[in-house]
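run.cif (mmCIF, C-alpha atoms and all ligand atoms)
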```
data_work
loop_
_atom_site.group_PDB
_atom_site.id
_atom_site.type_symbol
_atom_site.label_atom_id
_atom_site.label_comp_id
_atom_site.auth_asym_id
_atom_site.auth_seq_id
_atom_site.Cartn_x
_atom_site.Cartn_y
_atom_site.Cartn_z
ATOM 1 C CA MET A 3 -3.223 10.993 16.435
ATOM 2 C CA PRO A 4 -0.604 8.278 17.046
ATOM 3 C CA LEU A 5 0.006 5.803 14.222
ATOM 4 C CA VAL A 6 -2.591 3.014 14.180
ATOM 5 C CA PRO A 7 -2.330 -0.640 13.126
ATOM 6 C CA MET A 8 -3.732 -1.328 9.675
ATOM 7 C CA GLY A 9 -6.043 -4.282 10.396
ATOM 8 C CA PRO A 10 -8.947 -2.595 12.208
ATOM 9 C CA MET A 11 -9.216 0.284 9.711
ATOM 10 C CA LEU A 12 -9.364 -2.262 6.889
ATOM 11 C CA LYS A 13 -12.048 -4.300 8.672
ATOM 12 C CA GLN A 14 -14.167 -1.135 8.794
ATOM 13 C CA ALA A 15 -13.495 -0.520 5.105
ATOM 14 C CA GLN A 16 -14.389 -4.103 4.223
ATOM 15 C CA ALA A 17 -17.693 -3.771 6.108
ATOM 16 C CA GLY A 18 -18.448 -0.345 4.614
ATOM 17 C CA ARG A 19 -17.392 -1.379 1.080
ATOM 18 C CA TYR A 20 -14.902 1.410 0.537
ATOM 19 C CA GLY A 21 -11.175 1.276 -0.107
ATOM 20 C CA VAL A 22 -8.396 2.741 2.025
ATOM 21 C CA ALA A 23 -5.699 4.195 -0.222
ATOM 22 C CA ALA A 24 -2.139 2.962 0.337
ATOM 23 C CA PHE A 25 0.460 5.149 -1.361
ATOM 24 C CA ASN A 26 4.150 4.267 -1.592
ATOM 25 C CA MET A 27 5.961 7.267 -0.135
ATOM 26 C CA ILE A 28 9.210 8.533 -1.635
ATOM 27 C CA ASP A 29 10.515 11.205 0.760
ATOM 28 C CA TYR A 30 9.224 13.499 3.493
ATOM 29 C CA ASN A 31 7.484 15.742 0.975
ATOM 30 C CA SER A 32 5.682 12.782 -0.542
ATOM 31 C CA ALA A 33 4.658 11.398 2.889
ATOM 32 C CA ARG A 34 3.344 14.858 3.724
ATOM 33 C CA SER A 35 1.294 15.029 0.522
ATOM 34 C CA ILE A 36 -0.216 11.614 1.343
ATOM 35 C CA VAL A 37 -1.092 12.372 4.978
ATOM 36 C CA GLU A 38 -2.275 15.946 4.390
ATOM 37 C CA GLY A 39 -4.194 14.952 1.234
ATOM 38 C CA ALA A 40 -6.085 12.378 3.306
ATOM 39 C CA ALA A 41 -6.566 14.746 6.257
ATOM 40 C CA GLY A 42 -8.177 17.336 3.955
ATOM 41 C CA LEU A 43 -10.814 14.739 3.058
ATOM 42 C CA ASP A 44 -11.154 13.268 6.534
ATOM 43 C CA ALA A 45 -10.070 9.873 5.222
ATOM 44 C CA PRO A 46 -8.077 7.013 6.797
ATOM 45 C CA ILE A 47 -4.796 6.447 4.987
ATOM 46 C CA ILE A 48 -1.898 4.000 4.692
ATOM 47 C CA VAL A 49 1.595 5.322 4.064
ATOM 48 C CA GLN A 50 3.483 2.361 2.693
ATOM 49 C CA VAL A 51 7.174 2.122 2.010
ATOM 50 C CA SER A 52 9.081 -0.029 -0.473
ATOM 51 C CA VAL A 53 12.134 -1.822 0.917
ATOM 52 C CA LYS A 54 14.404 0.156 -1.422
ATOM 53 C CA THR A 55 13.073 3.409 0.032
ATOM 54 C CA VAL A 56 13.560 2.157 3.600
ATOM 55 C CA LYS A 57 17.162 1.321 2.787
ATOM 56 C CA HIS A 58 17.699 4.688 1.111
ATOM 57 C CA TRP A 59 16.530 6.858 4.021
ATOM 58 C CA GLY A 60 16.953 4.521 6.978
ATOM 59 C CA TYR A 61 14.385 3.064 9.393
ATOM 60 C CA GLU A 62 14.333 5.796 12.033
ATOM 61 C CA PRO A 63 14.003 8.821 9.717
ATOM 62 C CA ILE A 64 11.000 7.329 7.915
ATOM 63 C CA ALA A 65 9.288 6.211 11.124
ATOM 64 C CA THR A 66 9.898 9.646 12.669
ATOM 65 C CA TRP A 67 8.571 11.592 9.652
ATOM 66 C CA VAL A 68 5.398 9.550 9.349
ATOM 67 C CA ARG A 69 4.790 9.457 13.115
ATOM 68 C CA MET A 70 5.144 13.257 13.275
ATOM 69 C CA LEU A 71 2.840 13.763 10.312
ATOM 70 C CA ALA A 72 0.235 11.419 11.820
ATOM 71 C CA GLU A 73 0.361 13.188 15.174
ATOM 72 C CA GLY A 74 -0.366 16.492 13.430
ATOM 73 C CA VAL A 75 -3.694 15.366 11.944
ATOM 74 C CA ASP A 76 -6.977 13.957 13.171
ATOM 75 C CA ILE A 77 -7.267 10.909 10.907
ATOM 76 C CA PRO A 78 -5.987 7.332 11.379
ATOM 77 C CA VAL A 79 -2.656 6.801 9.621
ATOM 78 C CA ALA A 80 -0.902 3.415 9.362
ATOM 79 C CA LEU A 81 2.769 3.059 8.452
ATOM 80 C CA HIS A 82 3.173 -0.093 6.354
ATOM 81 C CA LEU A 83 6.135 -1.909 4.795
ATOM 82 C CA ASP A 84 5.343 -2.989 1.208
ATOM 83 C CA HIS A 85 6.502 -6.294 -0.396
ATOM 84 C CA CYS A 86 9.298 -7.636 1.780
ATOM 85 C CA SER A 87 10.799 -11.115 1.656
ATOM 86 C CA ASP A 88 13.541 -10.422 4.232
ATOM 87 C CA ILE A 89 12.477 -11.165 7.809
ATOM 88 C CA GLU A 90 15.415 -9.161 9.210
ATOM 89 C CA VAL A 91 14.141 -5.995 7.456
ATOM 90 C CA ILE A 92 10.676 -6.714 8.837
ATOM 91 C CA LYS A 93 12.043 -7.020 12.383
ATOM 92 C CA ARG A 94 13.881 -3.717 12.065
ATOM 93 C CA CYS A 95 10.738 -1.984 10.830
ATOM 94 C CA ILE A 96 8.765 -3.384 13.772
ATOM 95 C CA ASP A 97 11.449 -2.119 16.178
ATOM 96 C CA ALA A 98 11.439 1.324 14.537
ATOM 97 C CA GLY A 99 7.663 1.705 14.966
ATOM 98 C CA TRP A 100 5.984 0.490 11.760
ATOM 99 C CA THR A 101 2.361 -0.432 12.469
ATOM 100 C CA ALA A 102 2.038 -2.969 9.641
ATOM 101 C CA VAL A 103 4.267 -5.023 7.356
ATOM 102 C CA MET A 104 3.884 -7.180 4.273
ATOM 103 C CA PHE A 105 5.702 -10.473 4.035
ATOM 104 C CA ASP A 106 5.934 -11.446 0.375
ATOM 105 C CA GLY A 107 6.705 -15.124 0.077
ATOM 106 C CA SER A 108 4.887 -15.450 -3.234
ATOM 107 C CA ALA A 109 8.018 -16.569 -5.093
ATOM 108 C CA LEU A 110 8.431 -19.529 -2.698
ATOM 109 C CA PRO A 111 6.813 -22.950 -3.065
ATOM 110 C CA PHE A 112 3.406 -22.824 -1.366
ATOM 111 C CA ALA A 113 4.362 -24.830 1.757
ATOM 112 C CA GLU A 114 7.413 -22.641 2.334
ATOM 113 C CA ASN A 115 5.396 -19.457 1.796
ATOM 114 C CA VAL A 116 2.930 -20.690 4.444
ATOM 115 C CA ALA A 117 5.724 -21.552 6.893
ATOM 116 C CA LYS A 118 7.579 -18.238 6.493
ATOM 117 C CA SER A 119 4.384 -16.155 6.484
ATOM 118 C CA ARG A 120 3.353 -17.929 9.700
ATOM 119 C CA GLU A 121 6.690 -17.029 11.271
ATOM 120 C CA VAL A 122 6.090 -13.341 10.458
ATOM 121 C CA TYR A 123 2.459 -13.712 11.565
ATOM 122 C CA GLU A 124 3.648 -14.745 15.038
ATOM 123 C CA LEU A 125 6.034 -11.773 15.154
ATOM 124 C CA THR A 126 3.349 -9.268 14.157
ATOM 125 C CA GLN A 127 0.768 -10.763 16.518
ATOM 126 C CA ARG A 128 3.224 -10.388 19.393
ATOM 127 C CA ALA A 129 4.007 -6.791 18.361
ATOM 128 C CA GLY A 130 0.290 -5.947 17.988
ATOM 129 C CA ILE A 131 0.673 -4.785 14.397
ATOM 130 C CA GLY A 132 -0.871 -5.794 11.078
ATOM 131 C CA LEU A 133 0.401 -8.323 8.534
ATOM 132 C CA GLU A 134 -0.258 -8.501 4.790
ATOM 133 C CA ALA A 135 0.713 -11.699 2.965
ATOM 134 C CA GLU A 136 0.537 -12.712 -0.679
ATOM 135 C CA ILE A 137 -0.001 -15.795 -2.788
ATOM 136 C CA GLY A 138 0.089 -16.187 -6.563
ATOM 137 C CA ALA A 139 2.375 -13.896 -8.564
ATOM 138 C CA ILE A 140 1.384 -10.285 -9.225
ATOM 139 C CA GLY A 141 2.913 -9.200 -12.548
ATOM 140 C CA GLY A 142 5.099 -6.157 -13.267
ATOM 141 C CA VAL A 143 7.880 -4.321 -11.457
ATOM 142 C CA GLU A 144 7.751 -3.440 -7.779
ATOM 143 C CA ASP A 145 10.930 -2.384 -6.002
ATOM 144 C CA ASP A 146 13.620 -4.891 -7.094
ATOM 145 C CA LYS A 147 11.111 -7.569 -7.988
ATOM 146 C CA PHE A 148 10.087 -8.231 -11.609
ATOM 147 C CA VAL A 149 7.408 -10.702 -12.640
ATOM 148 C CA ALA A 150 7.018 -10.925 -16.440
ATOM 149 C CA GLU A 151 3.467 -10.736 -17.743
ATOM 150 C CA ASP A 152 3.516 -14.353 -18.916
ATOM 151 C CA ALA A 153 4.907 -15.443 -15.523
ATOM 152 C CA ALA A 154 2.135 -13.778 -13.497
ATOM 153 C CA ILE A 155 -0.025 -16.455 -11.885
ATOM 154 C CA LEU A 156 -3.481 -16.063 -10.428
ATOM 155 C CA ALA A 157 -3.797 -17.230 -6.835
ATOM 156 C CA ASN A 158 -5.059 -20.788 -6.525
ATOM 157 C CA PHE A 159 -8.412 -20.799 -4.715
ATOM 158 C CA ASP A 160 -7.764 -23.865 -2.546
ATOM 159 C CA GLU A 161 -4.373 -22.472 -1.550
ATOM 160 C CA CYS A 162 -6.017 -19.151 -0.593
ATOM 161 C CA VAL A 163 -8.368 -21.004 1.754
ATOM 162 C CA ALA A 164 -5.581 -23.120 3.287
ATOM 163 C CA PHE A 165 -3.268 -20.103 3.618
ATOM 164 C CA CYS A 166 -5.801 -17.904 5.417
ATOM 165 C CA ARG A 167 -6.880 -20.752 7.690
ATOM 166 C CA GLU A 168 -3.309 -20.742 9.027
ATOM 167 C CA MET A 169 -3.447 -16.958 9.712
ATOM 168 C CA PRO A 170 -7.014 -16.014 10.604
ATOM 169 C CA LYS A 171 -6.015 -12.592 11.961
ATOM 170 C CA LEU A 172 -4.204 -11.385 8.848
ATOM 171 C CA ALA A 173 -4.784 -7.646 8.530
ATOM 172 C CA VAL A 174 -5.084 -8.010 4.778
ATOM 173 C CA PHE A 175 -4.676 -10.799 2.252
ATOM 174 C CA ALA A 176 -3.134 -10.230 -1.186
ATOM 175 C CA PRO A 177 -4.123 -12.940 -3.670
ATOM 176 C CA ALA A 178 -2.951 -12.296 -7.251
ATOM 177 C CA ILE A 179 -6.173 -11.558 -9.158
ATOM 178 C CA GLY A 180 -4.771 -10.402 -12.487
ATOM 179 C CA THR A 181 -3.687 -6.847 -11.673
ATOM 180 C CA ALA A 182 -0.029 -5.843 -12.181
ATOM 181 C CA HIS A 183 2.465 -3.313 -10.843
ATOM 182 C CA GLY A 184 3.440 -0.443 -13.163
ATOM 183 C CA PHE A 185 1.542 0.945 -16.148
ATOM 184 C CA TYR A 186 -0.658 -1.600 -17.934
ATOM 185 C CA LYS A 187 0.422 -2.447 -21.450
ATOM 186 C CA GLY A 188 -2.958 -3.840 -22.404
ATOM 187 C CA GLU A 189 -6.348 -4.222 -20.761
ATOM 188 C CA PRO A 190 -5.891 -5.893 -17.332
ATOM 189 C CA LYS A 191 -7.799 -9.145 -17.038
ATOM 190 C CA ILE A 192 -9.097 -8.912 -13.499
ATOM 191 C CA ALA A 193 -10.335 -12.233 -12.115
ATOM 192 C CA TYR A 194 -13.531 -10.902 -10.509
ATOM 193 C CA GLU A 195 -14.948 -14.384 -10.290
ATOM 194 C CA LEU A 196 -11.923 -15.591 -8.291
ATOM 195 C CA LEU A 197 -12.173 -12.511 -6.049
ATOM 196 C CA GLY A 198 -15.841 -13.348 -5.435
ATOM 197 C CA ARG A 199 -15.081 -16.986 -4.597
ATOM 198 C CA ILE A 200 -12.338 -15.922 -2.173
ATOM 199 C CA THR A 201 -14.397 -13.309 -0.333
ATOM 200 C CA ALA A 202 -17.369 -15.693 -0.106
ATOM 201 C CA VAL A 203 -15.387 -17.956 2.226
ATOM 202 C CA ILE A 204 -12.530 -15.827 3.624
ATOM 203 C CA ASP A 205 -13.455 -13.042 6.006
ATOM 204 C CA ILE A 206 -10.227 -11.053 5.663
ATOM 205 C CA PRO A 207 -9.955 -7.701 3.824
ATOM 206 C CA ILE A 208 -8.299 -8.055 0.416
ATOM 207 C CA ALA A 209 -5.466 -5.894 -0.943
ATOM 208 C CA LEU A 210 -5.678 -4.652 -4.516
ATOM 209 C CA HIS A 211 -2.143 -4.352 -5.885
ATOM 210 C CA GLY A 212 -1.284 -2.582 -9.113
ATOM 211 C CA GLY A 213 -3.681 0.333 -8.734
ATOM 212 C CA THR A 214 -1.942 2.619 -11.233
ATOM 213 C CA GLY A 215 -3.842 2.685 -14.512
ATOM 214 C CA LEU A 216 -7.035 0.958 -13.386
ATOM 215 C CA THR A 217 -10.256 2.695 -14.380
ATOM 216 C CA GLU A 218 -12.784 4.087 -11.936
ATOM 217 C CA GLN A 219 -15.134 1.272 -12.856
ATOM 218 C CA GLN A 220 -12.463 -1.366 -12.194
ATOM 219 C CA PHE A 221 -11.680 0.180 -8.794
ATOM 220 C CA HIS A 222 -15.359 0.265 -7.891
ATOM 221 C CA ARG A 223 -15.915 -3.327 -8.927
ATOM 222 C CA CYS A 224 -12.890 -4.580 -6.962
ATOM 223 C CA ILE A 225 -13.831 -2.561 -3.857
ATOM 224 C CA ALA A 226 -17.442 -3.786 -4.048
ATOM 225 C CA GLY A 227 -15.963 -7.287 -4.327
ATOM 226 C CA GLY A 228 -14.037 -6.986 -1.031
ATOM 227 C CA CYS A 229 -10.813 -5.097 -1.801
ATOM 228 C CA ALA A 230 -10.367 -2.801 1.202
ATOM 229 C CA LYS A 231 -6.755 -1.670 0.635
ATOM 230 C CA VAL A 232 -5.897 -0.120 -2.710
ATOM 231 C CA ASN A 233 -2.213 0.296 -3.608
ATOM 232 C CA ILE A 234 -0.849 3.143 -5.726
ATOM 233 C CA SER A 235 2.859 3.500 -6.341
ATOM 234 C CA THR A 236 3.821 4.121 -9.982
ATOM 235 C CA MET A 237 1.434 7.058 -10.437
ATOM 236 C CA HIS A 238 2.699 8.702 -7.254
ATOM 237 C CA LYS A 239 6.312 8.392 -8.469
ATOM 238 C CA HIS A 240 5.324 9.973 -11.766
ATOM 239 C CA ARG A 241 3.642 12.898 -10.028
ATOM 240 C CA PHE A 242 6.823 13.397 -7.983
ATOM 241 C CA ILE A 243 8.882 13.735 -11.169
ATOM 242 C CA GLU A 244 6.283 15.677 -13.162
ATOM 243 C CA GLY A 245 5.839 18.225 -10.367
ATOM 244 C CA PHE A 246 9.499 19.123 -10.731
ATOM 245 C CA VAL A 247 9.770 18.924 -14.522
ATOM 246 C CA LYS A 248 6.655 21.021 -15.143
ATOM 247 C CA LEU A 249 7.913 23.936 -13.069
ATOM 248 C CA ARG A 250 11.377 23.619 -14.608
ATOM 249 C CA ALA A 251 9.834 23.935 -18.070
ATOM 250 C CA GLU A 252 7.703 26.912 -17.015
ATOM 251 C CA LYS A 253 10.490 28.769 -15.183
ATOM 252 C CA PRO A 254 13.850 27.582 -16.528
ATOM 253 C CA LYS A 255 15.743 30.356 -14.771
ATOM 254 C CA LEU A 256 14.305 29.756 -11.309
ATOM 255 C CA GLU A 257 17.116 29.078 -8.855
ATOM 256 C CA GLU A 258 15.199 28.864 -5.590
ATOM 257 C CA PRO A 259 14.567 25.142 -4.801
ATOM 258 C CA LEU A 260 11.544 25.478 -2.498
ATOM 259 C CA PRO A 261 9.011 26.215 -5.286
ATOM 260 C CA PHE A 262 10.027 22.916 -6.901
ATOM 261 C CA ILE A 263 9.281 21.090 -3.680
ATOM 262 C CA ALA A 264 5.941 22.893 -3.443
ATOM 263 C CA SER A 265 5.138 21.985 -7.055
ATOM 264 C CA GLN A 266 5.910 18.301 -6.411
ATOM 265 C CA TYR A 267 3.797 18.405 -3.258
ATOM 266 C CA GLU A 268 0.795 19.847 -5.111
ATOM 267 C CA ALA A 269 1.105 17.335 -7.973
ATOM 268 C CA MET A 270 1.285 14.358 -5.583
ATOM 269 C CA LYS A 271 -1.450 15.651 -3.290
ATOM 270 C CA ALA A 272 -3.888 16.238 -6.177
ATOM 271 C CA ASP A 273 -3.551 12.574 -7.101
ATOM 272 C CA VAL A 274 -3.954 11.425 -3.482
ATOM 273 C CA VAL A 275 -7.182 13.442 -3.230
ATOM 274 C CA ASP A 276 -8.457 12.116 -6.543
ATOM 275 C CA MET A 277 -7.821 8.476 -5.576
ATOM 276 C CA ILE A 278 -9.360 8.792 -2.098
ATOM 277 C CA ARG A 279 -12.532 10.222 -3.664
ATOM 278 C CA THR A 280 -12.580 7.379 -6.177
ATOM 279 C CA PHE A 281 -12.161 4.717 -3.481
ATOM 280 C CA GLY A 282 -15.020 6.157 -1.389
ATOM 281 C CA SER A 283 -13.016 6.663 1.822
ATOM 282 C CA ALA A 284 -13.519 10.442 2.125
ATOM 283 C CA GLY A 285 -15.276 11.214 5.424
ATOM 284 C CA LYS A 286 -14.535 7.755 6.881
ATOM 285 C CA ALA A 287 -11.789 8.794 9.327
ATOM 286 C CA ARG A 288 -14.002 8.588 12.403
ATOM 287 C CA ALA A 289 -15.392 5.129 11.581
ATOM 288 C CA ALA A 290 -11.889 3.880 10.819
ATOM 289 C CA ALA A 291 -10.485 5.367 14.038
ATOM 290 C CA GLN A 292 -13.244 3.711 16.070
ATOM 291 C CA GLY A 293 -12.399 0.433 14.377
ATOM 292 C CA ALA A 294 -8.758 0.960 15.231
ATOM 293 C CA ALA A 295 -9.568 1.651 18.881
ATOM 294 C CA ALA A 296 -11.864 -1.397 19.212
HETATM 295 P P1 LIG B 1 1.329 0.335 -8.937
HETATM 296 O O1 LIG B 1 2.782 0.671 -8.995
HETATM 297 O O2 LIG B 1 0.847 -0.314 -10.192
HETATM 298 O O3 LIG B 1 0.497 1.499 -8.540
HETATM 299 O O4 LIG B 1 1.147 -0.782 -7.816
HETATM 300 C C1 LIG B 1 1.454 -0.464 -6.488
HETATM 301 C C2 LIG B 1 1.460 -1.648 -5.608
HETATM 302 O O5 LIG B 1 0.674 -2.553 -5.739
HETATM 303 C C3 LIG B 1 2.468 -1.669 -4.534
HETATM 304 O O6 LIG B 1 2.570 -2.900 -3.895
#
```
Would you mind writing the file out in structure tokens?
Ligand code: 13P
Amino acid sequence: MPLVPMGPMLKQAQAGRYGVAAFNMIDYNSARSIVEGAAGLDAPIIVQVSVKTVKHWGYEPIATWVRMLAEGVDIPVALHLDHCSDIEVIKRCIDAGWTAVMFDGSALPFAENVAKSREVYELTQRAGIGLEAEIGAIGGVEDDKFVAEDAAILANFDECVAFCREMPKLAVFAPAIGTAHGFYKGEPKIAYELLGRITAVIDIPIALHGGTGLTEQQFHRCIAGGCAKVNISTMHKHRFIEGFVKLRAEKPKLEEPLPFIASQYEAMKADVVDMIRTFGSAGKARAAAQGAAA
């Protein structure tokens, strides 16, 4: 089916208390493993792209690959831009056919983050696509952004309320709740109580960043608490590399490249399938598609 905007599928997920997986794609093979992994489980899916990856491949190639993949399956697929602080990049993604974008103004003073996020909100509302916006500071490395562990800041509750009041039709809201990008060095301290306070008064699906390395129990608790979009990037990148390295170690003399691509595909897809099962979105494609059409 054609690419769908992200908001309605996340509203369905929020109501049904399951999580839609959002994987950061790397190349065509990775996008294919994400879309086909989800299609095999009849699950809605978000293919998200880091700015660095967009700049590596170009806007049109990525939009074309993901659009083609989506049109070949019977599940709702959204194409989303991950953490982006550059409004020009956002505009180019919208023009190329992205169905959702994230504006990340979390490094800005609060008032400026609100003003810039609102500017992007207007753009996305006009284009009929979804917007994700963040407040607080999610720790770790994502794309070219690094937030040291001691610099990570939980979202301020009053700011969350004020921020979302300005943008009531946000597709998904990303408050920093103690999770971090990359592999966790210690036990993550997830602020479940803050998540609960936010979802008690804000009726917008929540994004869970920093999915790599969380336990099944942590995923389930966050999803039950209102997280409807669950981000996985680092683990997917590792599967991409491991898929190649494993076959290289097994067959050092192999000269044909296609088996390496197939091995990467299988490694990435196995993880996609595993995460979708964990997040409870298997079999939810129809409900999500109806939400998207509403
Ligand atoms: P991980 O790299 O920890 O999986 O986090 C992904 C993410 O939140 C992308 O925005």
Original post:
Do you know which residues are at most 9 Å from A:Pro170 counting all atoms listed in the file, after dropping those on the same chain fewer than 2 positions away, and could you put them as an MDAnalysis selection string?
Top reply: chainID A and resid 165:168 172:173 204:206
**OP:** Return as a PyMOL selection string the residues of protein, DNA or RNA that approach ligand LIG 1 (chain B) to within 6 Å, with all atoms listed in the file taken into account.
**Re:** chain A and resi 84+182-184+211-214+233-237
Original post:
Within 12 Å of A:Ala117, counting only C-alpha atoms, which residues qualify if same-chain residues fewer than 3 places away don't, as a list of chain:residue names?
Top reply: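 Final neighbour list, sorted by chain and number: A:Phe105, A:Gly107, A:Ser108, A:Leu110, A:Pro111, A:Phe112, A:Ala113, A:Glu114, A:Arg120, A:Glu121, A:Val122, A:Tyr123, A:Glu124, A:Ala135, A:Ala164, A:Phe165, A:Glu168, A:Met169.
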Subject >> Between atom CA of A:Ile36 and atom CA of A:Arg69 - distance in Å to one decimal >> reply: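 Between atom CA of A:Arg69 and atom CA of A:Ile36 the gap works out to 13.0 Å.
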Subject >> Cut-off 12 Å around (-11.0, 8.5, 1.1) with only C-alpha atoms: residues as a ChimeraX atom specification >> reply: /A:15,19-24,36-48,77-78,230-232,273-290
Reconstructed N, CA and C atoms for stretch 155-170 of chain A, given as a short mmCIF file (atom, residue, chain, number, x, y, z; two decimals), keeping the file's coordinate frame:
```cif
data_model
loop_
_atom_site.label_atom_id
_atom_site.label_comp_id
_atom_site.auth_asym_id
_atom_site.auth_seq_id
_atom_site.Cartn_x
_atom_site.Cartn_y
_atom_site.Cartn_z
N ILE A 155 0.87 -15.31 -12.11
CA ILE A 155 -0.02 -16.45 -11.88
C ILE A 155 -1.14 -16.03 -10.95
N LEU A 156 -2.36 -16.34 -11.33
CA LEU A 156 -3.48 -16.06 -10.43
C LEU A 156 -3.34 -16.95 -9.19
N ALA A 157 -3.81 -16.42 -8.06
CA ALA A 157 -3.80 -17.23 -6.84
C ALA A 157 -4.69 -18.46 -7.04
N ASN A 158 -4.26 -19.56 -6.46
CA ASN A 158 -5.06 -20.79 -6.52
C ASN A 158 -6.08 -20.74 -5.38
N PHE A 159 -7.34 -20.97 -5.71
CA PHE A 159 -8.41 -20.80 -4.72
C PHE A 159 -8.21 -21.69 -3.48
N ASP A 160 -7.92 -22.95 -3.69
CA ASP A 160 -7.76 -23.86 -2.55
C ASP A 160 -6.59 -23.45 -1.67
N GLU A 161 -5.53 -22.95 -2.33
CA GLU A 161 -4.37 -22.47 -1.55
C GLU A 161 -4.74 -21.22 -0.75
N CYS A 162 -5.57 -20.35 -1.33
CA CYS A 162 -6.02 -19.15 -0.59
C CYS A 162 -6.71 -19.57 0.71
N VAL A 163 -7.60 -20.55 0.59
CA VAL A 163 -8.37 -21.00 1.75
C VAL A 163 -7.42 -21.60 2.80
N ALA A 164 -6.51 -22.46 2.35
CA ALA A 164 -5.58 -23.12 3.29
C ALA A 164 -4.65 -22.09 3.94
N PHE A 165 -4.20 -21.14 3.14
CA PHE A 165 -3.27 -20.10 3.62
C PHE A 165 -3.93 -19.27 4.72
N CYS A 166 -5.12 -18.80 4.46
CA CYS A 166 -5.80 -17.90 5.42
C CYS A 166 -6.26 -18.66 6.66
N ARG A 167 -6.50 -19.96 6.52
CA ARG A 167 -6.88 -20.75 7.69
C ARG A 167 -5.72 -20.78 8.69
N GLU A 168 -4.51 -20.75 8.17
CA GLU A 168 -3.31 -20.74 9.03
C GLU A 168 -3.13 -19.41 9.75
N MET A 169 -3.68 -18.31 9.17
CA MET A 169 -3.45 -16.96 9.71
C MET A 169 -4.76 -16.18 9.77
N PRO A 170 -5.67 -16.60 10.64
CA PRO A 170 -7.01 -16.01 10.60
C PRO A 170 -7.05 -14.52 10.94
#
```
